[in-house]
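*Asks:* There's a structure below that I have some questions on.
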Amino acid sequence: METTRLFIVTFFASFVGVIPPGLVNMSVAKTCLERGKKNGILVAIGASVVVFFQALLAVLLAKYIFYNPYVRIMLLRTGAVLFLFMAIYFFVKGKKNNTKIKVYKHGGSRSFFKGVMMSVINVLPIPYFCAVAAALSVSGKIAYDAVHIFIFGIAAATGTFATLYLYVVSFLKIEKKTVVVAKYTNYFMGALMLVLVCVTVARIIYTWDEI
């Protein structure tokens, strides 16, 4: 049951984390427009492979750091501040109506390695998944052994790929409405970040009670 919950929570966190238009998903969409569905999927696969290793690194950091309750509090505070700034960022970005996406009609690098490169440049998933793994580990119900670490990485990668695949199959249909979609998606992500702030503050209080 705990393994299933770990997979579902991580998958969902990864899935919604990739929804807002950003470096990786816009690269997938642009490749899909320029070189077709197959190449768009290859970019998504390359990006998801990197996310798998980023998630492994994040959960290992959470595993070895969060045994110390004082360190947990400091990192949870950092996470709360990070989520708060992300919420502000998404709300501000959502209010901007002049977002434009440039589409180029010329080929670039090979699709799979293009996805790998874009995902390596995008380092935000590491602190994001570290915060997710840390929030789960604070409850004390999930032991991050080798199996759970692997499941965490697989869930993160598959959640990322699921969202990127949706970009591949739907971007051509919503191309003219991208600005509107981005606006309301950013509002959703801002609200989600505020929820995570509240959850993290509750975890801080819980940790203080343990000391």
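Each chain in the structure tokens gets a letter, A, B, ..., in the order shown, and its residues are numbered from 1; ligands are numbered from 1 in order too.
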Which residues are near region 119-133 of chain A? Cut-off 7 Å, only C-alpha atoms, ignore same chain within fewer than 4 positions. Put them as a PDB file with all heavy atoms, in the first residue's frame.
*Replies:*
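And here is the file that came out, result11.pdb:
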ATOM      1  N   VAL A  24      11.373  22.452 -21.324  1.00  0.00           N
ATOM      2  CA  VAL A  24      11.292  21.087 -21.834  1.00  0.00           C
ATOM      3  C   VAL A  24      10.037  20.867 -22.661  1.00  0.00           C
ATOM      4  O   VAL A  24      10.089  20.385 -23.799  1.00  0.00           O
ATOM      5  CB  VAL A  24      11.353  20.068 -20.677  1.00  0.00           C
ATOM      6  CG1 VAL A  24      11.163  18.653 -21.211  1.00  0.00           C
ATOM      7  CG2 VAL A  24      12.689  20.166 -19.943  1.00  0.00           C
ATOM      8  N   ALA A  47      14.012  13.515 -22.347  1.00  0.00           N
ATOM      9  CA  ALA A  47      13.835  14.354 -21.159  1.00  0.00           C
ATOM     10  C   ALA A  47      13.439  13.513 -19.949  1.00  0.00           C
ATOM     11  O   ALA A  47      13.915  13.743 -18.829  1.00  0.00           O
ATOM     12  CB  ALA A  47      12.784  15.426 -21.434  1.00  0.00           C
ATOM     13  N   VAL A  50      16.349  11.673 -18.189  1.00  0.00           N
ATOM     14  CA  VAL A  50      17.113  12.550 -17.308  1.00  0.00           C
ATOM     15  C   VAL A  50      16.346  12.802 -16.007  1.00  0.00           C
ATOM     16  O   VAL A  50      16.942  12.817 -14.923  1.00  0.00           O
ATOM     17  CB  VAL A  50      17.432  13.882 -18.011  1.00  0.00           C
ATOM     18  CG1 VAL A  50      18.112  14.850 -17.052  1.00  0.00           C
ATOM     19  CG2 VAL A  50      18.330  13.635 -19.216  1.00  0.00           C
ATOM     20  N   GLN A  54      17.447  12.557 -12.061  1.00  0.00           N
ATOM     21  CA  GLN A  54      17.265  13.722 -11.193  1.00  0.00           C
ATOM     22  C   GLN A  54      16.436  13.353  -9.966  1.00  0.00           C
ATOM     23  O   GLN A  54      16.728  13.791  -8.852  1.00  0.00           O
ATOM     24  CB  GLN A  54      16.593  14.857 -11.970  1.00  0.00           C
ATOM     25  CG  GLN A  54      17.488  15.508 -13.006  1.00  0.00           C
ATOM     26  CD  GLN A  54      16.759  16.555 -13.822  1.00  0.00           C
ATOM     27  OE1 GLN A  54      15.550  16.471 -14.032  1.00  0.00           O
ATOM     28  NE2 GLN A  54      17.478  17.561 -14.285  1.00  0.00           N
ATOM     29  N   ALA A  55      15.406  12.540 -10.174  1.00  0.00           N
ATOM     30  CA  ALA A  55      14.562  12.108  -9.053  1.00  0.00           C
ATOM     31  C   ALA A  55      15.325  11.195  -8.101  1.00  0.00           C
ATOM     32  O   ALA A  55      15.152  11.276  -6.873  1.00  0.00           O
ATOM     33  CB  ALA A  55      13.314  11.401  -9.587  1.00  0.00           C
ATOM     34  N   ALA A  58      17.421  13.350  -5.998  1.00  0.00           N
ATOM     35  CA  ALA A  58      16.600  14.094  -5.048  1.00  0.00           C
ATOM     36  C   ALA A  58      16.176  13.234  -3.868  1.00  0.00           C
ATOM     37  O   ALA A  58      16.251  13.664  -2.710  1.00  0.00           O
ATOM     38  CB  ALA A  58      15.360  14.649  -5.764  1.00  0.00           C
ATOM     39  N   VAL A  59      15.734  12.001  -4.133  1.00  0.00           N
ATOM     40  CA  VAL A  59      15.268  11.145  -3.046  1.00  0.00           C
ATOM     41  C   VAL A  59      16.427  10.683  -2.175  1.00  0.00           C
ATOM     42  O   VAL A  59      16.279  10.492  -0.952  1.00  0.00           O
ATOM     43  CB  VAL A  59      14.470   9.941  -3.588  1.00  0.00           C
ATOM     44  CG1 VAL A  59      15.372   8.915  -4.216  1.00  0.00           C
ATOM     45  CG2 VAL A  59      13.625   9.304  -2.482  1.00  0.00           C
ATOM     46  N   LEU A  61      19.075  12.529  -1.506  1.00  0.00           N
ATOM     47  CA  LEU A  61      19.328  13.690  -0.653  1.00  0.00           C
ATOM     48  C   LEU A  61      18.316  13.744   0.486  1.00  0.00           C
ATOM     49  O   LEU A  61      18.668  13.965   1.644  1.00  0.00           O
ATOM     50  CB  LEU A  61      19.256  14.975  -1.485  1.00  0.00           C
ATOM     51  CG  LEU A  61      20.401  15.213  -2.468  1.00  0.00           C
ATOM     52  CD1 LEU A  61      20.126  16.443  -3.318  1.00  0.00           C
ATOM     53  CD2 LEU A  61      21.727  15.376  -1.731  1.00  0.00           C
ATOM     54  N   ALA A  62      17.048  13.513   0.153  1.00  0.00           N
ATOM     55  CA  ALA A  62      16.005  13.535   1.180  1.00  0.00           C
ATOM     56  C   ALA A  62      16.212  12.419   2.198  1.00  0.00           C
ATOM     57  O   ALA A  62      16.008  12.605   3.399  1.00  0.00           O
ATOM     58  CB  ALA A  62      14.629  13.409   0.526  1.00  0.00           C
ATOM     59  N   GLY A  79      12.030  24.907   1.624  1.00  0.00           N
ATOM     60  CA  GLY A  79      11.015  24.449   0.685  1.00  0.00           C
ATOM     61  C   GLY A  79       9.784  25.326   0.693  1.00  0.00           C
ATOM     62  O   GLY A  79       9.213  25.627  -0.357  1.00  0.00           O
ATOM     63  N   GLY A 115      16.161  16.185 -26.225  1.00  0.00           N
ATOM     64  CA  GLY A 115      15.387  16.064 -24.995  1.00  0.00           C
ATOM     65  C   GLY A 115      16.279  15.916 -23.779  1.00  0.00           C
ATOM     66  O   GLY A 115      16.030  16.509 -22.728  1.00  0.00           O
ATOM     67  N   SER A 137       8.873  11.628   3.516  1.00  0.00           N
ATOM     68  CA  SER A 137       9.708  10.968   4.514  1.00  0.00           C
ATOM     69  C   SER A 137       9.467  11.509   5.913  1.00  0.00           C
ATOM     70  O   SER A 137       9.662  10.800   6.891  1.00  0.00           O
ATOM     71  CB  SER A 137      11.193  11.123   4.156  1.00  0.00           C
ATOM     72  OG  SER A 137      11.599  12.470   4.266  1.00  0.00           O
TER      73      SER A 137
END
*Asks:* What's the separation between CA of Arg110 (chain A) and CA of Phe152 (chain A), in Å to one decimal place?
*Replies:* 28.5 Å
*Asks:* Go through A:Val199, A:Met86, A:Ala44, A:Ile8 one by one, measure the shortest atom-to-atom distance of each to Leu23 (chain A) using only C-alpha atoms, and give the residue with the smallest value.
*Replies:*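 Of A:Val199, A:Met86, A:Ala44, A:Ile8, the one nearest Leu23 (chain A), counting only C-alpha atoms, is A:Ala44.
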*Asks:* Between CA of Ser48 (chain A) and CA of Phe7 (chain A), what is the distance, to one decimal in Å?
*Replies:* 15.7 Å
*Asks:* Nearest residue to Val28 (chain A) out of A:Ile73, A:Ile154, A:Val49, A:Val168, using only C-alpha atoms?
*Replies:* A:Val168
*Asks:* Would you work out the distance separating CA of Val43 (chain A) from CA of Lys93 (chain A), expressed in Å to one decimal?
*Replies:* 25.6 Å
*Asks:* Which residues are close to Ile149 (chain A), i.e. within 8 Å by only C-alpha atoms, leaving aside same-chain residues fewer than 3 positions away? Reply as a list in words.
*Replies:* Leu56, Val59, Leu60, Tyr144, Asp145, Ala146, Phe152 and Gly153 of chain A
